[in-house]
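Chemist: Structure supplied as protein.cif; contents: mmCIF, C-alpha atoms.
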data_data
loop_
_atom_site.label_atom_id
_atom_site.label_comp_id
_atom_site.auth_asym_id
_atom_site.auth_seq_id
_atom_site.Cartn_x
_atom_site.Cartn_y
_atom_site.Cartn_z
CA MET A 1 5.96 -2.30 18.94
CA ILE A 2 4.93 1.23 19.85
CA TYR A 3 1.27 2.20 19.72
CA SER A 4 0.35 5.87 19.67
CA ASN A 5 -2.27 6.25 22.40
CA SER A 6 -4.72 9.14 22.42
CA THR A 7 -3.75 10.11 25.99
CA GLU A 8 -0.18 10.66 24.80
CA LEU A 9 -1.10 12.34 21.51
CA PRO A 10 -0.99 15.93 22.85
CA HIS A 11 2.63 15.34 23.92
CA ASN A 12 3.53 13.57 20.66
CA LEU A 13 2.00 16.06 18.21
CA ALA A 14 5.23 18.05 17.86
CA CYS A 15 7.19 14.88 17.01
CA ILE A 16 4.46 13.75 14.62
CA GLU A 17 4.50 17.14 12.86
CA GLN A 18 8.31 17.07 12.67
CA HIS A 19 8.25 13.60 11.11
CA TRP A 20 5.64 14.75 8.57
CA GLN A 21 7.78 17.75 7.61
CA HIS A 22 10.74 15.45 6.99
CA CYS A 23 8.78 13.11 4.72
CA ASN A 24 9.59 13.35 1.03
CA LYS A 25 6.72 14.94 -0.89
CA GLY A 26 5.97 15.68 -4.52
CA VAL A 27 3.59 15.04 -7.40
CA LEU A 28 3.37 12.43 -10.12
CA ASN A 29 1.98 13.34 -13.53
CA SER A 30 -1.00 11.24 -14.56
CA SER A 31 -3.79 11.30 -17.12
CA LEU A 32 -5.99 12.63 -14.29
CA GLY A 33 -3.64 15.45 -13.34
CA ASP A 34 -1.14 15.81 -10.52
CA ILE A 35 -1.03 13.05 -7.90
CA PHE A 36 0.32 14.20 -4.53
CA TYR A 37 2.53 11.72 -2.70
CA ALA A 38 4.50 11.50 0.52
CA TYR A 39 6.92 8.86 1.73
CA HIS A 40 9.46 8.01 4.40
CA ILE A 41 11.81 5.06 4.09
CA PRO A 42 14.21 4.28 6.98
CA LYS A 43 17.77 3.28 6.09
CA ASN A 44 17.12 -0.44 6.64
CA PRO A 45 13.34 -0.86 6.95
CA ARG A 46 11.80 -4.09 8.13
CA TYR A 47 9.40 -3.69 5.19
CA THR A 48 7.49 -0.92 3.43
CA VAL A 49 3.78 -0.16 3.59
CA VAL A 50 1.92 1.30 0.62
CA LEU A 51 -0.86 3.18 2.40
CA VAL A 52 -3.99 3.65 0.28
CA ASN A 53 -6.52 5.94 1.94
CA GLY A 54 -10.28 6.23 1.67
CA ARG A 55 -12.71 8.68 0.14
CA ILE A 56 -12.36 12.34 1.25
CA GLU A 57 -9.07 11.41 2.91
CA SER A 58 -5.50 12.56 2.33
CA ALA A 59 -1.98 11.56 3.28
CA HIS A 60 -2.11 14.53 5.68
CA LYS A 61 -4.77 12.77 7.75
CA TYR A 62 -2.48 9.80 8.49
CA GLN A 63 0.40 11.69 10.11
CA GLU A 64 -0.01 9.85 13.42
CA LEU A 65 0.14 6.46 11.69
CA LEU A 66 3.12 7.44 9.53
CA TRP A 67 5.02 8.53 12.64
CA GLU A 68 4.08 5.36 14.50
CA LEU A 69 5.21 3.11 11.65
CA ALA A 70 8.50 5.01 11.52
CA GLN A 71 9.02 4.26 15.22
CA ASN A 72 8.79 0.59 14.25
CA ASN A 73 11.37 1.04 11.46
CA ILE A 74 8.75 0.53 8.76
CA GLY A 75 8.75 2.49 5.51
CA VAL A 76 5.59 4.16 4.20
CA ILE A 77 4.65 5.34 0.73
CA THR A 78 1.27 7.05 0.39
CA TYR A 79 -0.59 9.36 -1.97
CA ASP A 80 -3.84 11.22 -2.57
CA HIS A 81 -6.33 9.80 -5.04
CA PRO A 82 -7.21 11.89 -8.09
CA GLY A 83 -10.08 14.22 -7.26
CA GLN A 84 -9.30 14.62 -3.56
CA GLY A 85 -6.71 15.74 -1.04
CA MET A 86 -3.81 17.64 -2.58
CA SER A 87 -4.18 15.89 -5.95
CA SER A 88 -5.89 17.53 -8.93
CA ARG A 89 -9.68 17.80 -8.71
CA LEU A 90 -11.70 16.40 -11.60
CA VAL A 91 -14.73 18.70 -11.93
CA ASP A 92 -15.39 22.44 -11.85
CA ASN A 93 -16.76 22.27 -8.31
CA PRO A 94 -13.75 20.98 -6.31
CA GLN A 95 -16.11 19.83 -3.56
CA VAL A 96 -17.70 17.11 -5.70
CA GLY A 97 -16.17 13.65 -5.31
CA HIS A 98 -16.12 12.29 -8.85
CA ILE A 99 -14.64 9.54 -11.01
CA HIS A 100 -15.78 8.06 -14.30
CA SER A 101 -14.55 4.52 -13.62
CA PHE A 102 -12.77 2.95 -10.67
CA CYS A 103 -10.26 1.37 -13.04
CA GLN A 104 -8.83 4.89 -13.25
CA PHE A 105 -8.03 4.71 -9.53
CA ALA A 106 -6.32 1.34 -10.06
CA LYS A 107 -4.23 2.77 -12.90
CA VAL A 108 -3.07 5.63 -10.68
CA LEU A 109 -2.17 3.12 -7.97
CA ASN A 110 -0.17 1.18 -10.56
CA LEU A 111 1.61 4.42 -11.47
CA VAL A 112 2.53 4.91 -7.80
CA VAL A 113 3.78 1.33 -7.58
CA GLU A 114 5.86 1.60 -10.75
CA GLN A 115 7.38 5.01 -10.07
CA LEU A 116 7.72 5.08 -6.27
CA VAL A 117 7.48 1.56 -4.85
CA VAL A 118 9.35 -0.76 -7.23
CA PRO A 119 12.47 1.48 -7.46
CA THR A 120 12.57 1.62 -3.65
CA THR A 121 11.87 -1.88 -2.32
CA GLN A 122 10.95 -5.44 -3.18
CA ASN A 123 9.51 -6.16 0.27
CA TRP A 124 6.22 -4.31 0.54
CA ILE A 125 2.56 -4.73 1.39
CA PHE A 126 -0.62 -2.74 1.03
CA MET A 127 -2.47 -1.16 3.93
CA ALA A 128 -5.78 0.25 2.74
CA HIS A 129 -8.88 1.84 4.24
CA SER A 130 -12.46 1.85 2.92
CA MET A 131 -12.47 3.03 -0.72
CA GLY A 132 -8.74 2.37 -0.73
CA GLY A 133 -9.47 -1.27 0.09
CA ALA A 134 -11.74 -1.57 -2.93
CA ILE A 135 -9.09 0.08 -5.11
CA VAL A 136 -6.40 -2.31 -3.87
CA CYS A 137 -8.63 -5.34 -4.53
CA ASP A 138 -9.36 -4.02 -8.02
CA TYR A 139 -5.65 -3.39 -8.59
CA LEU A 140 -4.69 -6.92 -7.47
CA SER A 141 -7.35 -8.40 -9.77
CA GLN A 142 -6.10 -6.31 -12.71
CA TYR A 143 -2.42 -6.85 -11.92
CA PRO A 144 -2.28 -10.39 -10.50
CA GLU A 145 1.52 -10.54 -10.96
CA SER A 146 2.03 -7.61 -8.59
CA LYS A 147 5.04 -8.09 -6.31
CA ALA A 148 3.02 -6.99 -3.26
CA LYS A 149 3.44 -9.49 -0.42
CA GLY A 150 -0.20 -9.04 0.55
CA ALA A 151 -2.86 -6.53 1.55
CA PHE A 152 -4.30 -5.47 4.89
CA LEU A 153 -7.82 -4.11 4.28
CA CYS A 154 -9.39 -1.95 6.98
CA ALA A 155 -13.19 -1.63 6.64
CA PRO A 156 -12.87 -2.11 2.86
CA MET A 157 -15.58 -0.74 0.59
CA LEU A 158 -16.75 -4.11 -0.74
CA GLY A 159 -20.37 -3.09 -0.34
CA ILE A 160 -21.87 0.37 0.18
CA ASN A 161 -24.70 1.27 2.52
CA THR A 162 -27.16 2.74 0.00
CA SER A 163 -29.95 3.23 2.57
CA PRO A 164 -32.76 4.21 2.25
CA TYR A 165 -32.57 2.72 -1.27
CA PRO A 166 -31.80 -0.93 -2.01
CA PHE A 167 -28.68 -1.53 -4.11
CA TRP A 168 -30.49 -2.09 -7.40
CA ILE A 169 -32.52 1.12 -7.15
CA ALA A 170 -29.49 3.21 -6.18
CA HIS A 171 -27.46 1.72 -9.03
CA ASN A 172 -30.18 2.22 -11.63
CA LEU A 173 -30.75 5.81 -10.49
CA ALA A 174 -27.03 6.53 -10.81
CA LYS A 175 -26.89 4.92 -14.26
CA LEU A 176 -29.90 6.93 -15.44
CA ALA A 177 -28.46 10.20 -14.12
CA CYS A 178 -25.22 9.51 -15.98
CA LEU A 179 -27.12 8.81 -19.21
CA LEU A 180 -28.90 12.14 -18.76
CA GLY A 181 -25.58 13.98 -18.48
CA ARG A 182 -25.72 14.46 -14.71
CA ASP A 183 -22.66 12.32 -13.99
CA LYS A 184 -20.59 15.23 -12.58
CA HIS A 185 -23.40 16.53 -10.38
CA TYR A 186 -24.03 15.58 -6.77
CA ALA A 187 -25.98 12.39 -6.25
CA ILE A 188 -29.25 12.61 -4.28
CA GLY A 189 -28.69 13.88 -0.75
CA GLN A 190 -25.03 14.87 -1.34
CA GLN A 191 -23.60 18.35 -0.65
CA ASP A 192 -20.43 20.34 -0.03
CA TYR A 193 -18.14 19.56 2.91
CA GLN A 194 -19.90 19.75 6.27
CA ALA A 195 -18.10 19.23 9.58
CA LYS A 196 -20.42 17.19 11.79
CA PRO A 197 -20.11 17.49 15.58
CA PHE A 198 -18.55 14.48 17.28
CA THR A 199 -21.90 13.40 18.75
CA GLU A 200 -23.28 12.94 15.21
CA ASN A 201 -20.23 11.35 13.58
CA GLU A 202 -20.33 7.87 12.04
CA LEU A 203 -16.56 7.42 11.89
CA THR A 204 -15.03 6.87 15.33
CA HIS A 205 -15.55 6.66 19.08
CA CYS A 206 -12.33 8.63 19.70
CA GLU A 207 -13.26 12.27 20.21
CA TYR A 208 -9.67 13.52 20.29
CA ARG A 209 -8.68 11.94 16.98
CA TYR A 210 -11.95 13.10 15.44
CA ASP A 211 -11.28 16.67 16.56
CA LEU A 212 -7.75 16.53 15.12
CA PHE A 213 -9.18 15.39 11.79
CA ARG A 214 -11.68 18.27 11.68
CA GLN A 215 -9.06 20.82 12.78
CA LEU A 216 -6.76 19.63 9.99
CA TYR A 217 -9.48 20.14 7.38
CA GLU A 218 -10.32 23.59 8.74
CA LYS A 219 -6.64 24.57 8.59
CA HIS A 220 -6.05 23.17 5.09
CA LEU A 221 -9.18 24.04 3.12
CA GLN A 222 -7.79 22.32 0.02
CA LEU A 223 -8.30 18.97 1.74
CA GLN A 224 -12.04 19.46 2.08
CA LEU A 225 -14.29 17.34 -0.11
CA GLY A 226 -18.06 17.09 -0.17
CA GLY A 227 -20.33 14.25 -1.26
CA VAL A 228 -20.17 12.06 -4.33
CA SER A 229 -21.35 12.59 -7.88
CA PHE A 230 -23.74 10.33 -9.75
CA GLY A 231 -20.70 9.26 -11.79
CA TRP A 232 -18.77 8.24 -8.68
CA LEU A 233 -21.77 6.37 -7.29
CA ASN A 234 -22.35 4.49 -10.54
CA ALA A 235 -18.66 3.59 -10.77
CA ALA A 236 -18.45 2.53 -7.11
CA LEU A 237 -21.54 0.34 -7.22
CA SER A 238 -20.32 -1.23 -10.46
CA LEU A 239 -17.00 -2.01 -8.80
CA THR A 240 -18.51 -3.58 -5.68
CA LYS A 241 -20.66 -5.78 -7.92
CA LYS A 242 -17.53 -6.81 -9.83
CA LEU A 243 -15.52 -7.49 -6.66
CA SER A 244 -18.28 -9.77 -5.34
CA LYS A 245 -17.06 -12.30 -7.92
CA GLU A 246 -13.28 -11.72 -7.85
CA ILE A 247 -10.75 -14.21 -6.53
CA ILE A 248 -7.45 -12.66 -5.40
CA LYS A 249 -4.37 -14.86 -5.08
CA HIS A 250 -2.41 -12.54 -2.77
CA PRO A 251 -2.62 -13.02 1.01
CA LEU A 252 -5.30 -10.78 2.53
CA SER A 253 -6.22 -9.73 6.06
CA ILE A 254 -9.47 -7.84 6.74
CA ALA A 255 -10.40 -5.75 9.77
CA SER A 256 -14.17 -5.23 9.88
CA ALA A 257 -16.23 -2.91 12.09
CA ASN A 258 -19.57 -4.22 13.29
CA GLN A 259 -20.90 -0.68 13.92
CA ASP A 260 -20.04 0.44 10.39
CA THR A 261 -22.78 2.51 8.72
CA ILE A 262 -20.67 3.59 5.72
CA VAL A 263 -19.87 0.22 4.16
CA LYS A 264 -21.65 -3.10 4.57
CA ALA A 265 -19.69 -5.29 6.98
CA SER A 266 -21.60 -8.38 5.79
CA THR A 267 -19.79 -8.16 2.45
CA HIS A 268 -16.45 -8.55 4.25
CA HIS A 269 -17.42 -12.01 5.43
CA GLU A 270 -18.82 -13.02 2.06
CA PHE A 271 -15.69 -11.78 0.27
CA ALA A 272 -13.30 -13.43 2.75
CA GLN A 273 -14.98 -16.84 2.38
CA ARG A 274 -14.31 -16.83 -1.38
CA GLN A 275 -10.60 -15.97 -1.14
CA PRO A 276 -7.93 -18.68 -0.95
CA HIS A 277 -5.75 -16.75 1.52
CA CYS A 278 -7.84 -14.38 3.62
CA ALA A 279 -8.27 -13.90 7.38
CA LEU A 280 -10.93 -11.67 8.91
CA LYS A 281 -11.39 -10.15 12.36
CA THR A 282 -14.35 -8.08 13.56
CA TYR A 283 -14.15 -5.20 16.03
CA GLN A 284 -16.66 -3.26 18.13
CA GLY A 285 -15.91 -0.06 16.28
CA LYS A 286 -17.19 2.41 13.73
CA HIS A 287 -15.92 2.83 10.17
CA GLU A 288 -12.48 4.38 10.76
CA LEU A 289 -10.77 1.63 12.74
CA LEU A 290 -7.34 3.23 12.30
CA CYS A 291 -8.63 6.37 14.03
CA GLU A 292 -10.70 4.58 16.68
CA SER A 293 -10.42 4.61 20.47
CA ASP A 294 -7.18 3.08 21.74
CA PRO A 295 -8.37 -0.46 22.65
CA ILE A 296 -9.91 -0.94 19.21
CA ARG A 297 -7.14 0.80 17.25
CA ASN A 298 -4.39 -1.09 19.08
CA ALA A 299 -6.09 -4.42 18.41
CA VAL A 300 -6.42 -3.57 14.71
CA LEU A 301 -2.76 -2.57 14.55
CA SER A 302 -1.79 -5.82 16.29
CA GLN A 303 -3.64 -7.67 13.53
CA PHE A 304 -1.83 -5.61 10.91
CA TYR A 305 1.64 -6.10 12.42
CA ALA A 306 1.13 -9.86 12.79
CA PHE A 307 -0.05 -10.14 9.18
CA ALA A 308 2.76 -7.95 7.86
CA GLU A 309 5.40 -9.97 9.70
CA SER A 310 3.96 -13.24 8.40
CA VAL A 311 4.02 -12.22 4.73
CA THR A 312 7.38 -10.41 4.80
CA LEU A 313 9.20 -12.99 6.93
CA ASN A 314 11.01 -14.61 4.04
CA GLU A 315 12.52 -11.26 3.12
CA THR A 316 13.48 -9.99 6.55
CA GLY A 317 14.57 -13.28 8.07
CA SER A 318 13.22 -12.10 11.43
#
Go ahead and express the file in the form of structure tokens.
Modeler:
Amino acid sequence: MIYSNSTELPHNLACIEQHWQHCNKGVLNSSLGDIFYAYHIPKNPRYTVVLVNGRIESAHKYQELLWELAQNNIGVITYDHPGQGMSSRLVDNPQVGHIHSFCQFAKVLNLVVEQLVVPTTQNWIFMAHSMGGAIVCDYLSQYPESKAKGAFLCAPMLGINTSPYPFWIAHNLAKLACLLGRDKHYAIGQQDYQAKPFTENELTHCEYRYDLFRQLYEKHLQLQLGGVSFGWLNAALSLTKKLSKEIIKHPLSIASANQDTIVKASTHHEFAQRQPHCALKTYQGKHELLCESDPIRNAVLSQFYAFAESVTLNETGS
């Protein structure tokens, strides 16, 4: 298996860009507007990954991973959530991250599965990061008969760091703001997109990958997204409360970061203990484990590949 190391990235960027340009791209029509998607399926893939990204992210941000998976003869189907990336924005200020209910995200994911995944393959798994992990868990609870072989959840948003407020205060404030008609306005402390210097970032220890991410968002201004609305916060906190009681029958594998300040890593352990088929590994990393320094990222990818092979074995015969 080939891992894309940061020391080799400068030499691989041209190949990564070329692969991205050859990916199939388009939009799906949904009740929340256009949903941007991108996919690449090799002629005889070992299996296909449905990549579900996190908040403020886009398919564009995962070009390195898409290229790397292609080197391993693995198909990838990915998309941008409504309200971010290249998909339609949901409020007048395109910088505001908003949603009314997270079940809307799950319905869009189901649309992607029905229109892009099912017609393409029967041997597929989820790979999801942060908010994407919460959406996948919600999807699997709503659609328990899904043909997904399993889900790899990277720093999933099963609990949100609401500091300096405890959960119940943050949730009640968000509920009250929504009742007062402020649901589409920024929540307390939120603002338009701001590019933090690497020394202040809470996402990764890898300076090169962090710089690539910021350069991408400076080049493609449409990708930029600011903070969350009161509506998003209310919906997200409601979902994490719901997921704290869900039991998912599909095989799960969780990669958790013990230096995570975005989501609460403790909820990963609590969630995993309740599930009938769930393994968890913890890493000395920040929130974005798939964009971390090479030793951490490679270990996370090793976990993913081992899990993917185990749940797709009966289809591939390898």
Chemist: List as JSON, numbers by chain: which residues have an atom within 12 Å of (-1.1, 10.1, 17.6), counting only C-alpha atoms?
Modeler: {"A": [2, 3, 4, 5, 6, 7, 8, 9, 10, 11, 12, 13, 14, 15, 16, 17, 19, 61, 62, 63, 64, 65, 66, 67, 68, 69, 71, 206, 208, 209, 210, 212, 213, 290, 291, 292, 293, 294, 297, 298]}
Chemist: Which residue out of A:Phe198, A:Tyr165, A:Tyr217, A:Phe105 has the minimum interatomic distance to Gln142 in chain A when all atoms listed in the file are used?
Modeler: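 Between A:Phe198, A:Tyr165, A:Tyr217, A:Phe105, the residue approaching Gln142 in chain A most closely is A:Phe105.
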Chemist: Give me, as a list in words, all polymer residues having an atom no more than 9 Å from Cys154 in chain A, counting all atoms listed in the file and skipping those fewer than 3 positions away in the same chain.
Modeler: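 Within the cut-off, the hits are Met127, Ala128, His129, Ser130, Gly132, Gly133, Met157, Ser253, Ile254, Ala255, Ser256, Ala257, His287, Glu288, Leu289, Leu290 and Val300 of chain A.
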Chemist: Please compute the CA of Asn201 in chain A-CA of Gly227 in chain A distance, one decimal, in Å.
Modeler: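 Taking CA of Asn201 in chain A as the start and CA of Gly227 in chain A as the end point, the length is 15.1 Å.
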Chemist: Check which residues satisfy the PyMOL selection byres ((chain A and resi 103) around 10) in the file shown, then give them as a list in words.
Modeler: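 For this structure, the PyMOL selection byres ((chain A and resi 103) around 10) resolves to Ile99, His100, Ser101, Phe102, Gln104, Phe105, Ala106, Lys107, Val108, Leu109, Ile135, Asp138, Tyr139, Gln142, Ala235 and Leu239 of chain A.
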Chemist: Can you tell me, as a ChimeraX atom specification, which residues sit within 6 Å of (-19.7, 17.1, -4.9) in the file's frame, using all atoms listed in the file?
Modeler: /A:95-97,186,191-192,226-229
Chemist: Enter the distance from CA of Leu180 in chain A to CA of Ser87 in chain A, in Å, rounded to one decimal.
Modeler: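 Pair CA of Leu180 in chain A / CA of Ser87 in chain A returns 28.1 Å.
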Chemist: Could you check which of A:Ile74, A:Leu179, A:Ala195, A:Leu28 is closest to Glu114 in chain A, using all atoms listed in the file?
Modeler: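 Nearest candidate to Glu114 in chain A out of A:Ile74, A:Leu179, A:Ala195, A:Leu28: A:Leu28.
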Chemist: Could you extract range 298-310 of chain A of the given structure into a file holding N, CA and C atoms, as a PDB file, in the first residue's frame?
Modeler:
ATOM      1  N   ASN A 298      -0.190   7.937   8.582  1.00  0.00           N
ATOM      2  CA  ASN A 298       0.047   6.593   8.062  1.00  0.00           C
ATOM      3  C   ASN A 298      -0.539   5.515   8.970  1.00  0.00           C
ATOM      4  N   ALA A 299      -0.462   5.740  10.275  1.00  0.00           N
ATOM      5  CA  ALA A 299      -1.052   4.782  11.216  1.00  0.00           C
ATOM      6  C   ALA A 299      -2.573   4.754  11.084  1.00  0.00           C
ATOM      7  N   VAL A 300      -3.177   5.927  10.907  1.00  0.00           N
ATOM      8  CA  VAL A 300      -4.632   6.010  10.723  1.00  0.00           C
ATOM      9  C   VAL A 300      -5.033   5.305   9.430  1.00  0.00           C
ATOM     10  N   LEU A 301      -4.275   5.538   8.371  1.00  0.00           N
ATOM     11  CA  LEU A 301      -4.586   4.883   7.098  1.00  0.00           C
ATOM     12  C   LEU A 301      -4.388   3.373   7.190  1.00  0.00           C
ATOM     13  N   SER A 302      -3.409   2.932   7.957  1.00  0.00           N
ATOM     14  CA  SER A 302      -3.232   1.487   8.170  1.00  0.00           C
ATOM     15  C   SER A 302      -4.467   0.903   8.844  1.00  0.00           C
ATOM     16  N   GLN A 303      -4.997   1.621   9.822  1.00  0.00           N
ATOM     17  CA  GLN A 303      -6.235   1.182  10.481  1.00  0.00           C
ATOM     18  C   GLN A 303      -7.376   1.106   9.472  1.00  0.00           C
ATOM     19  N   PHE A 304      -7.479   2.145   8.639  1.00  0.00           N
ATOM     20  CA  PHE A 304      -8.544   2.158   7.636  1.00  0.00           C
ATOM     21  C   PHE A 304      -8.419   0.994   6.659  1.00  0.00           C
ATOM     22  N   TYR A 305      -7.213   0.800   6.094  1.00  0.00           N
ATOM     23  CA  TYR A 305      -7.030  -0.261   5.107  1.00  0.00           C
ATOM     24  C   TYR A 305      -7.322  -1.636   5.703  1.00  0.00           C
ATOM     25  N   ALA A 306      -6.878  -1.876   6.932  1.00  0.00           N
ATOM     26  CA  ALA A 306      -7.124  -3.164   7.578  1.00  0.00           C
ATOM     27  C   ALA A 306      -8.625  -3.385   7.772  1.00  0.00           C
ATOM     28  N   PHE A 307      -9.319  -2.332   8.223  1.00  0.00           N
ATOM     29  CA  PHE A 307     -10.769  -2.435   8.412  1.00  0.00           C
ATOM     30  C   PHE A 307     -11.471  -2.670   7.088  1.00  0.00           C
ATOM     31  N   ALA A 308     -11.101  -1.881   6.070  1.00  0.00           N
ATOM     32  CA  ALA A 308     -11.747  -2.006   4.763  1.00  0.00           C
ATOM     33  C   ALA A 308     -11.560  -3.401   4.183  1.00  0.00           C
ATOM     34  N   GLU A 309     -10.351  -3.939   4.294  1.00  0.00           N
ATOM     35  CA  GLU A 309     -10.101  -5.286   3.778  1.00  0.00           C
ATOM     36  C   GLU A 309     -10.940  -6.322   4.527  1.00  0.00           C
ATOM     37  N   SER A 310     -11.096  -6.132   5.829  1.00  0.00           N
ATOM     38  CA  SER A 310     -11.824  -7.126   6.630  1.00  0.00           C
ATOM     39  C   SER A 310     -13.315  -7.170   6.288  1.00  0.00           C
TER      40      SER A 310
END
